[in-house]
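Below: the structure, in structure tokens.
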Amino acid sequence: MTAAAASASDRRVLVFRALTLAAIVCLALAFFSPIWWVSLKAPQYPADTFPDGVRIHFHMDGVKNGCEIRKNQEVFEDEALDCVHEMNTINHYIGMEPIEKGAVIETMLAPYLFVGMGVLLLVFMFYKGPYWWLLAVPAAGVPVGFVVDYAAWLWYFGHNLSPMGAFTVKPFMPTVFGQGKVAQFATFSYPHYGFGLMLACSACLLLAMLIRHKQLKDAG
């Protein structure tokens, strides 16, 4: 290998490792960020009280309140609306199970899975042996895995309604992405910035794999 070729190879290694490190950072930040948000809007939830509707945020470690703190003019202090509880109350009327019953195993294992993927990426930065690219596949596939799991749980909730609900609703598939309607409720389901971090992680890793492939190929 000529000096020029060796220098080019060294630059590719630096870029490859920088991209992998960026992917690790994005993956770590995604774990602590809201990944997806869902909101329900209806006339009985006025905009001055629920400006974003009854909103919840899905995190890797569970479901959290998506409603903002508001100013209570009656008692002159701040109060936080518990939209997870409110969402469960709404769902109860149509016989749907509490949100917390979904993805229990996934949320329990998420910290270990993310740490494991981080370790694999650290090895990925230096390993040059056979099937080196497999080390990055789990982290690169996180966005797809999340959407598939999320959609599967939505299907489960929408197709396992209790007949004891106050209102009878036929089994349905809740909206995975976009706007829908259930009874008098307008439903909204969209990715949050945590999902953007997941996509950034995947993009960094795909680019890193291409650069690594070129570098190893040229190195012989």
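Just remember, in the structure tokens the first chain shown is A, the second B, etc., residues are 1-based per chain, and ligands are 1-based in the order shown.
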Using only C-alpha atoms, find each residue in range 153-184 of chain A having at least one atom no more than 9 Å away from range 100-113 of chain A; report its shortest atom-to-atom pair and that distance in Å (one decimal), rows by chain then rising number, as a tab-separated table.
residue	atom	partner	partner_atom	distance
A:Trp153	CA	A:Gly102	CA	6.4
A:Leu154	CA	A:Gly102	CA	8.7
A:Tyr156	CA	A:Gly102	CA	8.8
A:Phe157	CA	A:Gly102	CA	8.1
Based on DSSP run over this structure's backbone, return all residues of range 54-201 of chain A in strand (DSSP E or B), as a PyMOL selection string. chain A and resi 54-59+62-65+69-72+77-80+178-182+185-191
Within 8 Å of Ser39 in chain A, counting only C-alpha atoms, which residues qualify if same-chain residues fewer than 2 places away don't, as a PyMOL selection string? chain A and resi 37+41+52-56+187-189
Would you save the residues of that selection, restricted to N, CA and C atoms, as a CSV table (one decimal), in the first residue's frame?
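part00.csv written:
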chain,number,residue,atom,x,y,z
A,37,TRP,N,-45.6,10.0,20.4
A,37,TRP,CA,-46.7,10.6,21.2
A,37,TRP,C,-48.0,10.3,20.6
A,41,LYS,N,-58.4,14.1,21.2
A,41,LYS,CA,-59.1,15.4,21.3
A,41,LYS,C,-60.6,15.1,21.1
A,52,ASP,N,-53.1,20.4,24.0
A,52,ASP,CA,-52.6,19.4,23.1
A,52,ASP,C,-53.5,18.1,23.1
A,53,GLY,N,-54.7,18.3,23.7
A,53,GLY,CA,-55.5,17.1,23.9
A,53,GLY,C,-55.1,16.3,25.1
A,54,VAL,N,-55.6,15.1,25.2
A,54,VAL,CA,-55.1,14.2,26.2
A,54,VAL,C,-53.9,13.5,25.6
A,55,ARG,N,-52.8,13.9,26.0
A,55,ARG,CA,-51.5,13.5,25.3
A,55,ARG,C,-50.6,12.6,26.2
A,56,ILE,N,-50.1,11.6,25.6
A,56,ILE,CA,-49.1,10.7,26.4
A,56,ILE,C,-47.9,10.5,25.5
A,187,THR,N,-58.0,11.1,17.0
A,187,THR,CA,-56.7,10.5,17.5
A,187,THR,C,-55.6,11.0,16.7
A,188,PHE,N,-54.4,11.2,17.3
A,188,PHE,CA,-53.2,11.7,16.7
A,188,PHE,C,-52.1,10.8,17.2
A,189,SER,N,-51.2,10.3,16.3
A,189,SER,CA,-50.1,9.4,16.6
A,189,SER,C,-48.9,9.8,15.7
Given only C-alpha atoms, how would the per-residue table for range 58-175 of chain A near range 19-29 of chain A read, listing every residue at most 7 Å away with its closest atom pair and distance in Å to one decimal, sorted by chain and number, as JSON lines?
{"residue": "A:Gly118", "atom": "CA", "partner": "A:Ile24", "partner_atom": "CA", "distance": 6.1}
{"residue": "A:Leu121", "atom": "CA", "partner": "A:Thr20", "partner_atom": "CA", "distance": 6.9}
{"residue": "A:Met125", "atom": "CA", "partner": "A:Thr20", "partner_atom": "CA", "distance": 6.7}
Deliver the residues from the most recent selection as a file, using all heavy atoms, as a short mmCIF file (atom, residue, chain, number, x, y, z; two decimals), in the first residue's frame.
data_model
loop_
_atom_site.label_atom_id
_atom_site.label_comp_id
_atom_site.auth_asym_id
_atom_site.auth_seq_id
_atom_site.Cartn_x
_atom_site.Cartn_y
_atom_site.Cartn_z
N GLY A 118 -24.88 -0.75 22.89
CA GLY A 118 -23.77 0.17 23.03
C GLY A 118 -22.44 -0.56 23.09
O GLY A 118 -21.45 -0.13 22.47
N LEU A 121 -21.47 -1.79 19.69
CA LEU A 121 -20.95 -0.71 18.84
C LEU A 121 -19.52 -0.33 19.21
O LEU A 121 -18.72 0.04 18.35
CB LEU A 121 -21.86 0.51 18.92
CG LEU A 121 -23.24 0.35 18.28
CD1 LEU A 121 -24.05 1.62 18.41
CD2 LEU A 121 -23.13 -0.06 16.81
N MET A 125 -16.30 -0.62 16.56
CA MET A 125 -15.34 0.42 16.21
C MET A 125 -13.95 -0.13 15.92
O MET A 125 -13.16 0.51 15.20
CB MET A 125 -15.26 1.46 17.34
CG MET A 125 -16.51 2.29 17.52
SD MET A 125 -16.42 3.41 18.95
CE MET A 125 -15.16 4.55 18.42
#
Determine, for each residue of range 129-173 of chain A having at least one atom at most 10 Å from an atom of range 80-98 of chain A, the closest pair of atoms and their separation in Å to one decimal, counting only C-alpha atoms; order by chain and ascending number, as JSON lines.
{"residue": "A:Tyr156", "atom": "CA", "partner": "A:Met96", "partner_atom": "CA", "distance": 9.7}
{"residue": "A:Phe157", "atom": "CA", "partner": "A:Met96", "partner_atom": "CA", "distance": 6.2}
{"residue": "A:Gly158", "atom": "CA", "partner": "A:Met96", "partner_atom": "CA", "distance": 7.2}
{"residue": "A:His159", "atom": "CA", "partner": "A:Met96", "partner_atom": "CA", "distance": 8.9}
{"residue": "A:Asn160", "atom": "CA", "partner": "A:Met96", "partner_atom": "CA", "distance": 7.1}
{"residue": "A:Leu161", "atom": "CA", "partner": "A:Gly95", "partner_atom": "CA", "distance": 4.8}
{"residue": "A:Ser162", "atom": "CA", "partner": "A:Gly95", "partner_atom": "CA", "distance": 4.3}
{"residue": "A:Pro163", "atom": "CA", "partner": "A:Gly95", "partner_atom": "CA", "distance": 6.4}
{"residue": "A:Met164", "atom": "CA", "partner": "A:Gly95", "partner_atom": "CA", "distance": 6.2}
{"residue": "A:Gly165", "atom": "CA", "partner": "A:Gly95", "partner_atom": "CA", "distance": 4.0}
{"residue": "A:Ala166", "atom": "CA", "partner": "A:Tyr93", "partner_atom": "CA", "distance": 4.9}
{"residue": "A:Phe167", "atom": "CA", "partner": "A:Ile94", "partner_atom": "CA", "distance": 5.1}
{"residue": "A:Thr168", "atom": "CA", "partner": "A:Ile94", "partner_atom": "CA", "distance": 6.2}
{"residue": "A:Val169", "atom": "CA", "partner": "A:Ile94", "partner_atom": "CA", "distance": 6.3}
{"residue": "A:Lys170", "atom": "CA", "partner": "A:Ile94", "partner_atom": "CA", "distance": 9.4}
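Proximity ranking of A:His57, A:Lys217, A:Arg212, A:Arg11 relative to Ile99 in chain A places A:His57 first, based on only C-alpha atoms.
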CA of Ala47 in chain A to CA of Lys64 in chain A, distance in Å rounded to a single decimal: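 Here the two named atoms are 20.4 Å from each other.
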Find the residues around Val13 in chain A up to 12 Å (only C-alpha atoms counted), leave out those fewer than 6 positions away in its own chain, and share them as number ranges by chain. A: 6-7, 19-20, 124-128, 208-216, 218-219
Go through A:Val38, A:Leu120, A:Val142, A:Val182 one by one, measure the shortest atom-to-atom distance of each to Gly196 in chain A using only C-alpha atoms, and give the residue with the smallest value.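 Smallest separation from Gly196 in chain A among the options: A:Val142.
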